[in-house]
Structures are given as C-alpha cells and as structure tokens.
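Engineer: Next up is a structure, given as structure tokens.
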Amino acid sequence: MIKAILIFNNHGKPRLSKFYEHYNEDTEQQIIRETFHLVSKRDENVCNFLEGGMLIGGSDYKLIYRHYATLYFVFCVDSSESELGILDLIQVFVETLDKCFENVCELDLIFHVDKVHNILAEMVMGGMVLETNMNEIITQVDAQNKMEKAEAGIAGAPARAVSAVKNMNLPEMPRNINIGDISIKVPNLPSFK
Amino acid sequence: MPAVSKGDGMRGLAVFISDIRNCKSKEAEIKRINKELANIRSKFKGDKALDGYSKKKYVCKLLFIFLLGHDIDFGHMEAVNLLSSNKYTEKQIGYLFISVLVNSNSELIRLINNAIKNDLSSRNPTFMCLALHCIANVGSREMAEAFASEIPRILVAGDTMDSVKQSAALCLLRLYKTSPDLVLMGEWTSRVVHLLNDQHMGVVTAAISLITCLSQKNPDEFKTCVSLAVSRLSRIVSSASTDLQDYTYYFVPAPWLSCKLLRLLQCYPPPEDGAVKGRLVECLETILNKAQEPPKSKKVQHSNAKNAILFEAIALIIHYDSEPNLLVRACNQLGQFLQHRETNLRYLALESMCTLASSEFSHEAVKTHIETVINALKTERDVSVRQRAADLLYAMCDRSNAKQIVAEMLSYLETADYSIREEMVLKVAILAEKYAVDYSWYVDTILNLIRIAGDYVSEEVWYRVIQIVINRDDVQGYAAKTVFEALQAPACHENMVKVGGYILGEFGNLIAGDPRSSPLVQFNLLHSKFHLCSVPTRALLLSAYIKFINLFPETKATIQEVLRCDSQIRNSDVELQQRAVEYLKLSSIASTDVLATVLEEMPPFPERESSILAKLKKKKGPGAVSVTEMEDGKREGGELNGGGDRGPDASAMAASNASTPSPSADLLGIRPAAPVSAAPASVGSLLVDVFSEAGPAASSAAVNDEGFLSSAPPSEDPAPPLSEADELLNKFVCKNNGVLFENQLLQIGIKSEYRQNLGRMYLFYGNKTSVQFASFTTTVSYPGELQSQLNVQSKPVEPLVEGGAQIQQVLNIECLTDFSEAPLLNIKFRYGGALQNLTLKLPVTINKFFQPTEMASQDFFQRWKQLSQPQQEAQKIFKANNSMDTEVLKAKLLGLGMALLDNVDPNPENYVCAGVIQTKGQQVGCLLRLEPNAQAQMYRLTLRCSKDSVSRRLCELLAEQF
C-alpha cells in the first residue's frame, strides 16, 4: 500500500502532499520535512530506495523517489509493493502531468494544485493503484475538462467577466508576477508510445 | 492538445500565490495568509451567493494555504454544500477539499454520507467515481456502516462502467481494511474472484489489490483465484509486446499487473493441480529467459519494468522453495545483478538474496557470492546498498565463513554510517556468539567491538560477554589478560572499563602471577580510569575494588585508603557514598573467611535466549529474525553457557546490600532483590526487559498483587471469583501441576492426578510473609448445577499458617457426569488483623477425566462419520495466541489427555486426537481435529463427541489454549 505521496522542490517547499493514512496537520508537515531531509542529502546516482523516516514508520516502510530537475517525487510504500513497479508508476505520473500541462514545470503544480490532485486521483485511490495506463488516465482527465468547460460556458462566463474587471481595477495588482527560478522545465521527457 | 490550457487559470489565485512567493519574511507570509483567510471567511459568510467559479477559487486558495502548513479551521461546511450541487465543477472541488482536509472523525461525516448516497445512486459514472473516491479517502467506520453492503453490488453489477468498477474495487478494499467485520463477501466471493478474467485490464489492476488483501485474510474462500491468476499471468507473459496496446509499457506487456499477479500467488502454497502448476512453472521460466534476451529498448524504463516482473517472479520462486532448478536459476540471476551497473538492481539483488539465503536448497549457492557482497560493503557509495550488503552477510553466515564475515563487518564498523552502527554491533555480537568455536576468538571480537564502536555497544552486549566468560572457565584467564591489555590504551571506552572492572574483579588472580600485571598494577590501571567514568561505572569499580581486597590481601591498605578519602566516603551521590562506607566497613570488620564467602566467585549464569537476539528482534520487529534463527540462537547459546537460573545482578553480594534501594543497574545487583520481597516481578524492570521471560506465575502474581490487597471486601461472605480466575483456570487445562495463584501474601501450588472418573488434588498454601495467618479456612463450593455433576471432598486445614510456612490440603474428586462449570475455592484468613477473602476456580475441567484411545486411520474416520449429527460437532476458528510450533502443540494436546494419532489425517500439518471421558454414569467418546494455518496464524478446531454438551465445553476450553 502507498502510505503517502509527496512532491517538494529542491528547497523542501511542498508542492503536493497526499496522505492515505490520517495524520494531524503538524505531523504531516513534520513528515514532509523529515522526508525532504532524508532524500535531499542523497547524491545523484545512488539508488532510488531508502528506509522511511521514523515518523512515517521507519524500516517497515520504504521511500521510493525520483528527482526531476527542481522537483522530488516521493512515494512512501510498505513491503507489499514492488520497488521497481513504483518507480515506473512515478514515471507514468510525471509523463501524464507532462502531457496534461504540455512540458510540465514546477509552476504548473503550484498554480493548478486541483488539477494535479485530480490526475493523481485517476491513478491512485485510497493508497492502491487504480490505473497505470496513461492514455486511459488522460482520457478521464480530458472528459472532466470538457465538462468543466461546458459548465463554464453556460454559467461561468458572466461571473468570470466580472471578476476580470474587478481584478483590473485592483490598485495593488502586480504588473509582473515574479516567478524567479522556478520555471525550469522538466528536461527531455521521452514521448510516450 | 494539452489537457489543461494555461490560459484558463484563476487570476485571483495566481496573484495570491505570487504575493506569498514574494514575501521576504515568514512574518510577512503569515500576515498575507491571515489577510486572505479573513477575506475568504467574509466571502463565505456574506449574504451574496457565490458563484461556482469563486467558490472554486477560494477552495484552491485554502488548499494552497494548507499545503504551506497552516491550519484551515473553516470552509468545511461550504465544501459539504458544494457536494450537493448539480454542477460537476462545484461537486468536484467540494470532494477535493474534503479528501484533503476532512479526517475520519469529523462531525460532518453524516452530511457527507448523504451527498455520497445521492451520487452513488445517480447512475452518472463521473459522480459515482467522485463519491467512491471520497469514501476511499476518508474510510471511516461510519462510512463503512453506510456503504459496505452497497459497494459490492456496484462492483459486480453487469451494467457498471469499467471506471466505476475500478473505483468500487479499491473503495471496498479500503472499507475492508478499516472495518473488516462490516464487509461480508460471502455471496460475492466467486464473482469478485472472476474479475481477474475481466476484459478491461484496468479493472483487473484494481480488483487484484482487493483480491490479494481478501486472500491473505481468508485464503480458503479465495483459493480459486490461484488458477485464474496463473492463466491470466500466462496470457500476459506469452503475449507479444504489442498485444496489450496501452497496457504495454516501454515494450513490456502489463508490468504492473504481472507484478501484482505474482504477489497474489505468494499468498498461497504451490498449486496442487498439476496442469496449473506446470503452466506456472512455464511462466516463471519464460520470465527468467526473457531476462537473458537483449533489451528491446535502451531506456531505463524498459529494463525497470522488465526487472520489476523478474524480481517478483524470483520472490515467488523463493516463497515456494520447492523447485531446486528454479531456485538455482534465480540465484544465478541475482548474482548477475550483484555486479550490475544500475545501483537499484544491486540493491534489490542483495535484498532478494537475503531471503534466498534461508532456503536450504540455495544457501550454498548464495555463499559463493560472498566476495562480491563483501566488496559491496566496502565500496558501495550508497548507504542503503551497504546496509543491504550487511544484512545479506548476516543472513549467509554459518560456521564455515563466520570468522571472515565477522572480521569484515568489524572493519566496516570503523567507517559505518552512524544510523546503522547499533544494529551492526548487535549483529556482530550475535554472529560471534552463535558461531564461536573457540572462546578466545569470541572475547577478542567483542572487545574489538567495544573498542571500535563503544558508544553503540548496548548493555545487553557487554552483559552477554560477561555471562559467557563466567560460564566458561577455559576462557577466563585469556579474558583477564585481554582486558588488562585493552585497558592499557590511553583512551578507552567506558564500556571497556566496565567489562575490565568486572572481569579483573572476578578473575584478576589468574594473571596476577606475572609481575607486569601484579595486583597493584591491575588496581592502579583500573583506578586511573575511575575519575573519567560515570556514576554507574564508578559504582561497579568500587565493587571490583572490594573483590580485590578479597583476592589480594596485599592491596587492602591501598584500597582502604581510596575508599576512605573524602571523594568516596562523602561523595554527593548516595549510591557511591554508601558503597564506599559499606565496603570500607566490610573490609575492616570481616574476617578473611567471611570476606571470602561474601565475595565468592560468581556462580554460572542460566541458559537462556540470548539477550542480544531479543534486542535485535525488538529493534527490527518480530519479522526480522526468522524463527529458525531464534531456535539456533537458543541451541547455540546453550552450548555456550552452563545451567543455573539467575540474572547477572543476583550476585553473591546481593545479601549484604539488599537494604539499599538503588537506581543503578550494574552487574552486582545492588537492587532490593529477590531475598526480601520474593516477588519475582519486582526485580528491576530493566532486567526483566533484558532477560526475557518472567515465568507465568510471576506475571500473574504481578497482576494480582494490588487488586487483591486493595479490593478484599471486609465481609465474611465468600468473595466473588477473581476477575482473572478464568485465565488462571485456562492455564491448567493441559497440565496438572504448577502455581495456581500468587500475590504478595500467599502462594497456592497444585499437584493433581486423575484415574478413570476419580481424581486427587494436593493444594499447597504458602505464607510468603513473616507474619502468621490466623483463622485460615478454605471452602469448596459448586456454582449452578455442578452440585449434581461433581463431588469434591476435602479435609479442613489448620487454622494457623506461620510466616514462611506452607500447609497442604488434599481434595478427592469424583466426576458423576459431564460438567461445564469449575468448582470454586474460597480462602479466608486474617493477616495483621485484616480479613483476606479470595475466591478462585479450581482447575478441574472435563478433559481431566480423559482416557486416551489409540486407533487406526480407518477406525477414526468411521467413528468420525458416525458422530455426524450437527449438534455433536462443535467448531471454532480462532487466531493463534501462542507460537504455532509443532512440539509445543503436541505437548499441549498430550497434556489434554487424549491420544494424539499419527498418520491419520491426510494433511500432515493437522492434528487428530481421540479419547473417552470417564464419568460415573457414562462414557463419552470424543474425537478432535486441529488444523493450523501458519500463514494466517489461525486454527480451525473441530470436536465431535457422543454428547453434544461435551463437544461445546471442550471446544470452549481448547480455543483458549493455542
């Protein structure tokens, strides 16, 4: 079973956290910090598996992670999962994100946290894998987007126009959104067959 | 086309996130967040109804704030309201909020359940999936109560969409995990198993997780999944890489599903059906063959997926442990991976080999890789991999390579990562002890261990070396010489000082002949370390000094001077001060004879499970140390130590110090030990912890102590039976002698014998205090209808029981007819004026009147069939409470009084017994069958007796025994 899925950047800023077992907010934050601490000090070229931190259950659980450019994708799993299988699953997740966001980057995860959650929900449910076929996942996500668009088309348009106008009048609205160093692209994801 | 176009993001959200990211300080960030929270709160509270877009925007903002680690304490109600919206967007964002922010204890669950109920019955697949996701995410008991019966229906219904089926399978799994009692598969079982044949691979993927979990819990009911899984696996393995279309991942057909199928098969023993087994072996061979083929792609994903299947296949081969041919191939394959350039593969190969090493077929084959593994331990850059290498060395160690492996592990320890040192130390200590052929090597190894990694050497390790030195007189001289040399080092670890102090104090005389290690030199050497040590070590050294006075009278003056100086005799630490004072007095008053008696050499320690092994088990969890290993440990430990039965703290010194309550826990036992309190459980908790099992009598005594003394009612009526009376009774179902009851005042022992329908029981009442018990009376009474079923005659006992004395009472028992209740024994006496009143159940159970009956297999089954009326049979399925060890089980069944019949049951794992219960009026024939399931840690117990009440009672009694 997958106990938690965490995404954070090279500085330890969480970009997604999904726990399939209940912890209180403080513990969740501590787990993220602990996991970041464990994972980030590892060199490149070492293996992608390590024992979980104490908070998440120690040696009964494994952290399986991949590091893409600015982001770490970490799955915390118990011994019933295949290590290499989970590595593949992370790859499928990232490739799916890449398809859905067209060259996904860290910013996409920040500004579309709801989408990322939805995509993940098509793959993993209650800690177990629901679907591994990327095309199937994307089909589901596309269908949802269509529904969203349809609804926005009928009812959402006036509201959106109003809020757009409001935003224009906001005096403190920044001219440039400073995105700093975060727009690094995930490099060369192979296109999926 | 991208599924999410970047233009349609929410502008307000983007602005907010940018603001946060531009905050220069944590304070500024918190300020901005609080401002936003206030804004959202007012929006939610406002009269104007928010449109869906705004609601979504605010919820996204809240999610972002939550991700940053801030508490969100509002918005839940708004989210719940969104669930009942007809619009997908609103519903979806509501569910998202709930899945991230609502936990299973929330009061909102009932409202959420209502919304879910509507969505599940909506027949809109998207809504159904959202609802199922929500159940799986929250997974509370309340949800299980509401939906556990509904979801199996959705799962197997013919008209359910595939995506909904997938979600329903995993949703059901989640509910089963949280509330297994509410998820009743019964009628659905077969249809769920047949989901393995589903057309849609996604459905199979989801269903297999559910089936695996259910199979682990109810292997028998789901047995049919084995052949289905094998045929599905075989279809995948033999398919061309393009057959499965989208489920082909980098040229590998359905890798995830293959892994899961192989995992499912690991829940079961090898298939019995020859055809199924043949097909499976073929699959496994194909998988092994494919590993040797050239890769179809250079991408790492291709080899990953291929190897994921390969490792699961190897795990299955190891699990079956019955095909030597496959095992050797698996071992060779892993050997190749040990040198692979991919670190991941080296890691996994080391891990799999660890399990392979315990198979008798492949242990030798694994051993051929020892050089590679040692090399990995030395040169791997990755600590995770090094740790696996260390684990594998530990697993492959046996008598032939122990010296090499221990030496390598010791040298690795010098540079090992701090995180794994303690475990390494324990492993080295265990291997050194387990495979020691000569004890000087053992002593060298442990002292090296202390030298190299002193900080990580726990008390168990150095206690153990001392136990062994004391028990083996051939190594004592060597040990004394070696510690003496080790202590010469200018800086040596405190643990070394402890071992040195103890061993020189006991055996310093063995090396005193050499002028280089004369008594005074030894003493000066120890004392030179004294000032650098902590209080417990100093206390131990003081005890070593007094032993020196005994061993070497010529050191008396020097040592007395040391004891007499202010820093000892007026030490601010009470323990040290008291030792200094008492030892000084002892050395000046006692004659040499008295001194020699008090400070006599330590007697040998009892044989027991290695304390170190116990510690490793505790550290790594019960699964980490295999059963065989523990047994080995016991056996080998036995070779190492002599007999006896005392902890290392109960030394010859105990008596002289018994009055001193002390927090320190050294080997010289300064604690208020056994002689005074006599309650075994009061021996310091630390040592109970370290030195394994306190006897059952001791533990029950500990439970009883307070309850009895404080709750004894002042009335003269017999007290109600103790709450634990049933538990005490259960201890005696399979045995006739032992301690029935013990508390601080009283101990009751039992000896009993039975013949035909008659029995005789001797009760021994021991007064554990120094004060006499007055008005001591005992009465036997019969609850319920027992009066007419059992006859117990007893003679009255003496009314006075002196302090420390024991009195005996004989009971004659006659069984008139079968019975279920146990007779009660009430004991009353006055202790220091207070009335003590206590009632126990006498351990007289129906099985005591068994006569064993031997019979052949044929007879057994004939009688079994004769007793086929439903009420004659009683059956119970229960979890194992104790070890499922064969010998233990046999001993218990024999203790039961029936004959244990060999070669009757076709399954050799099962036990069958036969016996006749003798009562005055009639004889009752009984047959028993006990089927253990080691995998599930469960038993099924079936009894058939010619009298139905006997079946029921025996079944009740026995279910508590295993």
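Just so we're on the same page: first chain in the structure tokens is A, next is B, and so on; residues restart at 1 for each chain, and ligands are numbered from 1 in the order they show up.
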Set the cut-off to 6 Å and count only C-alpha atoms: what are the residues of chain B that reach chain A? Output as a PDB file with N, CA, C and O atoms, in the first residue's frame.

Structural biologist:
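result.pdb written:
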ATOM      1  N   PRO B   2      -3.027  20.015 -25.103  1.00  0.00           N
ATOM      2  CA  PRO B   2      -2.832  19.746 -23.673  1.00  0.00           C
ATOM      3  C   PRO B   2      -4.167  19.669 -22.955  1.00  0.00           C
ATOM      4  O   PRO B   2      -5.116  20.354 -23.335  1.00  0.00           O
ATOM      5  N   ALA B   3      -4.219  18.849 -21.950  1.00  0.00           N
ATOM      6  CA  ALA B   3      -5.479  18.672 -21.243  1.00  0.00           C
ATOM      7  C   ALA B   3      -5.804  19.897 -20.405  1.00  0.00           C
ATOM      8  O   ALA B   3      -6.956  20.145 -20.086  1.00  0.00           O
ATOM      9  N   VAL B   4      -4.813  20.626 -19.993  1.00  0.00           N
ATOM     10  CA  VAL B   4      -5.065  21.837 -19.224  1.00  0.00           C
ATOM     11  C   VAL B   4      -4.424  22.982 -19.983  1.00  0.00           C
ATOM     12  O   VAL B   4      -3.220  23.020 -20.153  1.00  0.00           O
ATOM     13  N   THR B  89     -18.186  20.879 -11.746  1.00  0.00           N
ATOM     14  CA  THR B  89     -17.073  21.679 -11.235  1.00  0.00           C
ATOM     15  C   THR B  89     -17.187  21.868  -9.727  1.00  0.00           C
ATOM     16  O   THR B  89     -16.214  21.745  -8.993  1.00  0.00           O
ATOM     17  N   ALA B 136     -13.138   6.177  -0.208  1.00  0.00           N
ATOM     18  CA  ALA B 136     -11.821   5.558  -0.074  1.00  0.00           C
ATOM     19  C   ALA B 136     -10.838   6.476   0.628  1.00  0.00           C
ATOM     20  O   ALA B 136      -9.953   6.017   1.340  1.00  0.00           O
ATOM     21  N   ASN B 137     -11.003   7.772   0.439  1.00  0.00           N
ATOM     22  CA  ASN B 137     -10.082   8.699   1.080  1.00  0.00           C
ATOM     23  C   ASN B 137     -10.350   8.853   2.562  1.00  0.00           C
ATOM     24  O   ASN B 137      -9.431   8.924   3.361  1.00  0.00           O
ATOM     25  N   GLY B 202      -7.662  -2.445 -16.676  1.00  0.00           N
ATOM     26  CA  GLY B 202      -7.726  -1.528 -15.539  1.00  0.00           C
ATOM     27  C   GLY B 202      -8.563  -2.120 -14.419  1.00  0.00           C
ATOM     28  O   GLY B 202      -8.225  -1.997 -13.239  1.00  0.00           O
ATOM     29  N   ALA B 206      -7.225  -2.996 -10.575  1.00  0.00           N
ATOM     30  CA  ALA B 206      -7.821  -2.551  -9.310  1.00  0.00           C
ATOM     31  C   ALA B 206      -8.304  -3.756  -8.506  1.00  0.00           C
ATOM     32  O   ALA B 206      -8.085  -3.831  -7.300  1.00  0.00           O
ATOM     33  N   TYR B 247      -1.569  -1.053 -22.419  1.00  0.00           N
ATOM     34  CA  TYR B 247      -1.003  -1.574 -21.182  1.00  0.00           C
ATOM     35  C   TYR B 247       0.408  -2.097 -21.386  1.00  0.00           C
ATOM     36  O   TYR B 247       0.992  -2.677 -20.498  1.00  0.00           O
ATOM     37  N   ASN B 304      13.626  -1.335 -16.221  1.00  0.00           N
ATOM     38  CA  ASN B 304      12.911  -1.274 -14.936  1.00  0.00           C
ATOM     39  C   ASN B 304      11.692  -2.185 -14.921  1.00  0.00           C
ATOM     40  O   ASN B 304      11.494  -2.977 -14.012  1.00  0.00           O
ATOM     41  N   ALA B 308      11.189  -5.470 -12.772  1.00  0.00           N
ATOM     42  CA  ALA B 308      10.167  -5.487 -11.720  1.00  0.00           C
ATOM     43  C   ALA B 308       9.487  -6.853 -11.727  1.00  0.00           C
ATOM     44  O   ALA B 308       9.287  -7.480 -10.679  1.00  0.00           O
ATOM     45  N   THR B 343      22.509   0.916  -9.740  1.00  0.00           N
ATOM     46  CA  THR B 343      22.507   0.771  -8.284  1.00  0.00           C
ATOM     47  C   THR B 343      21.215   0.133  -7.782  1.00  0.00           C
ATOM     48  O   THR B 343      21.229  -0.683  -6.863  1.00  0.00           O
ATOM     49  N   ASN B 344      20.102   0.508  -8.408  1.00  0.00           N
ATOM     50  CA  ASN B 344      18.820  -0.045  -7.958  1.00  0.00           C
ATOM     51  C   ASN B 344      18.817  -1.556  -8.012  1.00  0.00           C
ATOM     52  O   ASN B 344      18.297  -2.222  -7.114  1.00  0.00           O
ATOM     53  N   ASP B 382      26.519   4.104  -1.693  1.00  0.00           N
ATOM     54  CA  ASP B 382      25.189   4.388  -1.181  1.00  0.00           C
ATOM     55  C   ASP B 382      24.935   3.612   0.123  1.00  0.00           C
ATOM     56  O   ASP B 382      25.043   2.388   0.149  1.00  0.00           O
ATOM     57  N   SER B 384      22.225   2.942   1.642  1.00  0.00           N
ATOM     58  CA  SER B 384      21.112   1.973   1.570  1.00  0.00           C
ATOM     59  C   SER B 384      21.629   0.636   1.060  1.00  0.00           C
ATOM     60  O   SER B 384      21.244  -0.414   1.547  1.00  0.00           O
TER      61      SER B 384
END

Engineer: Excluding same-chain residues fewer than 3 positions from stretch 116-127 of chain B, what lies within 8 Å of it counting only C-alpha atoms, as a list in words?

Structural biologist: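 Here the answer would be Tyr88, Ile112, Asn113, Leu130, Ala131, Leu132, Met161, Ser163 and Val164 of chain B.
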
Engineer: Please, could you write that set of residues out with all heavy atoms as a short mmCIF file (atom, residue, chain, number, x, y, z; two decimals), in the first residue's frame?

Structural biologist:
data_model
loop_
_atom_site.label_atom_id
_atom_site.label_comp_id
_atom_site.auth_asym_id
_atom_site.auth_seq_id
_atom_site.Cartn_x
_atom_site.Cartn_y
_atom_site.Cartn_z
N TYR B 88 -20.72 19.66 -12.12
CA TYR B 88 -19.55 18.85 -11.91
C TYR B 88 -18.44 19.65 -11.24
O TYR B 88 -17.83 19.21 -10.27
CB TYR B 88 -19.04 18.30 -13.25
CG TYR B 88 -17.67 17.74 -13.16
CD1 TYR B 88 -17.45 16.51 -12.54
CD2 TYR B 88 -16.57 18.45 -13.65
CE1 TYR B 88 -16.18 16.00 -12.42
CE2 TYR B 88 -15.30 17.95 -13.53
CZ TYR B 88 -15.10 16.73 -12.91
OH TYR B 88 -13.84 16.24 -12.77
N ILE B 112 -21.85 14.36 4.75
CA ILE B 112 -21.11 13.90 3.57
C ILE B 112 -21.72 12.60 3.06
O ILE B 112 -21.91 12.40 1.86
CB ILE B 112 -19.62 13.71 3.91
CG1 ILE B 112 -19.01 15.04 4.33
CG2 ILE B 112 -18.87 13.14 2.73
CD1 ILE B 112 -17.60 14.95 4.86
N ASN B 113 -22.04 11.72 4.01
CA ASN B 113 -22.63 10.45 3.63
C ASN B 113 -23.91 10.63 2.81
O ASN B 113 -24.15 9.90 1.85
CB ASN B 113 -22.97 9.62 4.88
CG ASN B 113 -21.76 8.83 5.34
OD1 ASN B 113 -20.70 8.88 4.71
ND2 ASN B 113 -21.90 8.11 6.43
N LEU B 130 -16.52 10.06 -8.17
CA LEU B 130 -16.16 11.06 -7.15
C LEU B 130 -16.57 10.57 -5.77
O LEU B 130 -15.81 10.68 -4.80
CB LEU B 130 -16.86 12.39 -7.46
CG LEU B 130 -16.26 13.23 -8.59
CD1 LEU B 130 -17.14 14.45 -8.86
CD2 LEU B 130 -14.84 13.69 -8.23
N ALA B 131 -17.77 10.04 -5.68
CA ALA B 131 -18.27 9.58 -4.39
C ALA B 131 -17.43 8.42 -3.85
O ALA B 131 -17.06 8.39 -2.68
CB ALA B 131 -19.73 9.17 -4.51
N LEU B 132 -17.11 7.47 -4.74
CA LEU B 132 -16.31 6.32 -4.31
C LEU B 132 -14.92 6.77 -3.85
O LEU B 132 -14.39 6.27 -2.86
CB LEU B 132 -16.18 5.31 -5.46
CG LEU B 132 -17.48 4.57 -5.81
CD1 LEU B 132 -17.35 3.84 -7.13
CD2 LEU B 132 -17.86 3.60 -4.71
N MET B 161 -20.06 0.77 -15.38
CA MET B 161 -18.96 1.17 -16.28
C MET B 161 -17.64 0.68 -15.71
O MET B 161 -17.46 0.57 -14.50
CB MET B 161 -18.89 2.70 -16.34
CG MET B 161 -20.09 3.35 -16.93
SD MET B 161 -19.83 3.67 -18.66
CE MET B 161 -18.51 4.88 -18.61
N SER B 163 -14.74 2.19 -15.40
CA SER B 163 -14.05 3.10 -14.49
C SER B 163 -14.70 3.06 -13.11
O SER B 163 -14.01 3.16 -12.09
CB SER B 163 -14.06 4.51 -15.05
OG SER B 163 -15.40 4.95 -15.17
N VAL B 164 -16.00 2.89 -13.06
CA VAL B 164 -16.69 2.82 -11.77
C VAL B 164 -16.32 1.52 -11.06
O VAL B 164 -16.10 1.50 -9.85
CB VAL B 164 -18.21 2.92 -11.96
CG1 VAL B 164 -18.93 2.81 -10.63
CG2 VAL B 164 -18.57 4.22 -12.64
#

Engineer: Between atom CA of B:Arg21 and atom CA of A:Val74, what is the distance, to one decimal in Å?

Structural biologist: 23.3 Å

Engineer: Can you list every residue in stretch 45-128 of chain A that DSSP puts in alpha helix (DSSP H), as a ChimeraX atom specification?

Structural biologist: /A:83-101,106-111,113-123

Engineer: Restrict the selected residues to N, CA and C atoms and save them as a tab-separated table (two decimals), in the first residue's frame.

Structural biologist:
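Final output, saved to selection.tsv:
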chain	number	residue	atom	x	y	z
A	83	GLU	N	9.28	-2.40	-5.70
A	83	GLU	CA	10.04	-1.14	-5.74
A	83	GLU	C	10.13	-0.60	-7.17
A	84	LEU	N	10.53	-1.49	-8.08
A	84	LEU	CA	10.68	-1.02	-9.46
A	84	LEU	C	9.33	-0.64	-10.05
A	85	GLY	N	8.29	-1.36	-9.65
A	85	GLY	CA	6.95	-1.03	-10.11
A	85	GLY	C	6.57	0.38	-9.72
A	86	ILE	N	6.90	0.76	-8.48
A	86	ILE	CA	6.57	2.12	-8.03
A	86	ILE	C	7.39	3.15	-8.79
A	87	LEU	N	8.63	2.82	-9.09
A	87	LEU	CA	9.44	3.76	-9.89
A	87	LEU	C	8.76	4.01	-11.24
A	88	ASP	N	8.28	2.94	-11.84
A	88	ASP	CA	7.56	3.09	-13.10
A	88	ASP	C	6.31	3.94	-12.92
A	89	LEU	N	5.65	3.73	-11.80
A	89	LEU	CA	4.42	4.47	-11.54
A	89	LEU	C	4.72	5.97	-11.44
A	90	ILE	N	5.82	6.30	-10.78
A	90	ILE	CA	6.20	7.72	-10.69
A	90	ILE	C	6.42	8.26	-12.10
A	91	GLN	N	7.10	7.47	-12.91
A	91	GLN	CA	7.35	7.89	-14.29
A	91	GLN	C	6.03	8.12	-15.04
A	92	VAL	N	5.09	7.20	-14.87
A	92	VAL	CA	3.79	7.36	-15.53
A	92	VAL	C	3.12	8.66	-15.05
A	93	PHE	N	3.19	8.90	-13.75
A	93	PHE	CA	2.59	10.10	-13.17
A	93	PHE	C	3.20	11.35	-13.82
A	94	VAL	N	4.52	11.38	-13.89
A	94	VAL	CA	5.20	12.56	-14.42
A	94	VAL	C	4.91	12.71	-15.91
A	95	GLU	N	4.94	11.60	-16.64
A	95	GLU	CA	4.64	11.69	-18.07
A	95	GLU	C	3.21	12.17	-18.29
A	96	THR	N	2.31	11.71	-17.44
A	96	THR	CA	0.91	12.16	-17.56
A	96	THR	C	0.81	13.65	-17.29
A	97	LEU	N	1.49	14.11	-16.24
A	97	LEU	CA	1.48	15.54	-15.96
A	97	LEU	C	2.04	16.30	-17.15
A	98	ASP	N	3.08	15.74	-17.72
A	98	ASP	CA	3.73	16.41	-18.84
A	98	ASP	C	2.77	16.53	-20.02
A	99	LYS	N	2.01	15.48	-20.25
A	99	LYS	CA	1.04	15.53	-21.34
A	99	LYS	C	-0.04	16.55	-21.03
A	100	CYS	N	-0.56	16.50	-19.80
A	100	CYS	CA	-1.69	17.35	-19.45
A	100	CYS	C	-1.31	18.81	-19.42
A	101	PHE	N	-0.10	19.11	-19.02
A	101	PHE	CA	0.30	20.52	-18.89
A	101	PHE	C	1.21	20.96	-20.03
A	106	GLU	N	7.47	23.27	-12.46
A	106	GLU	CA	7.05	23.42	-11.07
A	106	GLU	C	5.88	24.39	-10.94
A	107	LEU	N	5.91	25.46	-11.74
A	107	LEU	CA	4.84	26.46	-11.66
A	107	LEU	C	3.47	25.85	-11.91
A	108	ASP	N	3.41	24.90	-12.85
A	108	ASP	CA	2.12	24.28	-13.14
A	108	ASP	C	1.55	23.61	-11.91
A	109	LEU	N	2.44	22.97	-11.17
A	109	LEU	CA	1.96	22.29	-9.96
A	109	LEU	C	1.47	23.29	-8.94
A	110	ILE	N	2.14	24.45	-8.89
A	110	ILE	CA	1.75	25.44	-7.89
A	110	ILE	C	0.38	26.04	-8.24
A	111	PHE	N	0.22	26.40	-9.50
A	111	PHE	CA	-0.99	27.14	-9.86
A	111	PHE	C	-2.18	26.24	-10.17
A	113	VAL	N	-3.02	23.21	-8.46
A	113	VAL	CA	-2.92	22.13	-7.50
A	113	VAL	C	-4.15	21.22	-7.57
A	114	ASP	N	-5.30	21.81	-7.92
A	114	ASP	CA	-6.52	20.99	-8.01
A	114	ASP	C	-6.42	20.00	-9.16
A	115	LYS	N	-5.84	20.45	-10.29
A	115	LYS	CA	-5.68	19.54	-11.44
A	115	LYS	C	-4.76	18.38	-11.08
A	116	VAL	N	-3.66	18.73	-10.40
A	116	VAL	CA	-2.70	17.69	-10.05
A	116	VAL	C	-3.36	16.65	-9.17
A	117	HIS	N	-4.15	17.13	-8.22
A	117	HIS	CA	-4.88	16.20	-7.37
A	117	HIS	C	-5.81	15.31	-8.20
A	118	ASN	N	-6.47	15.91	-9.17
A	118	ASN	CA	-7.40	15.12	-9.98
A	118	ASN	C	-6.67	14.06	-10.78
A	119	ILE	N	-5.54	14.45	-11.35
A	119	ILE	CA	-4.80	13.48	-12.16
A	119	ILE	C	-4.33	12.34	-11.26
A	120	LEU	N	-3.82	12.70	-10.08
A	120	LEU	CA	-3.36	11.67	-9.16
A	120	LEU	C	-4.51	10.74	-8.76
A	121	ALA	N	-5.69	11.34	-8.57
A	121	ALA	CA	-6.83	10.53	-8.15
A	121	ALA	C	-7.21	9.50	-9.21
A	122	GLU	N	-6.87	9.79	-10.48
A	122	GLU	CA	-7.16	8.81	-11.52
A	122	GLU	C	-6.18	7.64	-11.48
A	123	MET	N	-5.05	7.84	-10.80
A	123	MET	CA	-4.04	6.78	-10.74
A	123	MET	C	-4.06	6.00	-9.44

Engineer: I'd like the contact shell of B:Phe860 - 9 Å cut-off, only C-alpha atoms, skipping same-chain residues fewer than 4 positions apart - returned as a list of chain:residue names.

Structural biologist: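 With the cut-off at 9 Å, the set is B:Met855, B:Ala856, B:Trp864, B:Lys865, B:Val904, B:Ala914, B:Leu927.
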
Engineer: Need to verify the contact set: B:Leu825, 10 Å, only C-alpha atoms, exclusion of same-chain residues closer than 5 positions in sequence. Can you return it as a VMD selection string?

Structural biologist: chain B and resid 718 721 778 to 782 838 to 843

Engineer: Considering only strand (DSSP E or B) as DSSP defines it on the backbone, what residues of stretch 13-154 of chain A qualify? List them as a ChimeraX atom specification.

Structural biologist: /A:14-19,49-51,62-68,71-77,105,124-125,128-129

Engineer: Do a neighbour search on stretch 520-532 of chain B at 9 Å with only C-alpha atoms, toss out local chain neighbours closer than 3 positions, and write the hits as an NGL selection string.

Structural biologist: :B and (484 or 487-488 or 491-492 or 494 or 497 or 500-501 or 504 or 508 or 512 or 515-517 or 537-538 or 541 or 545 or 548 or 552 or 554-555 or 558-559)
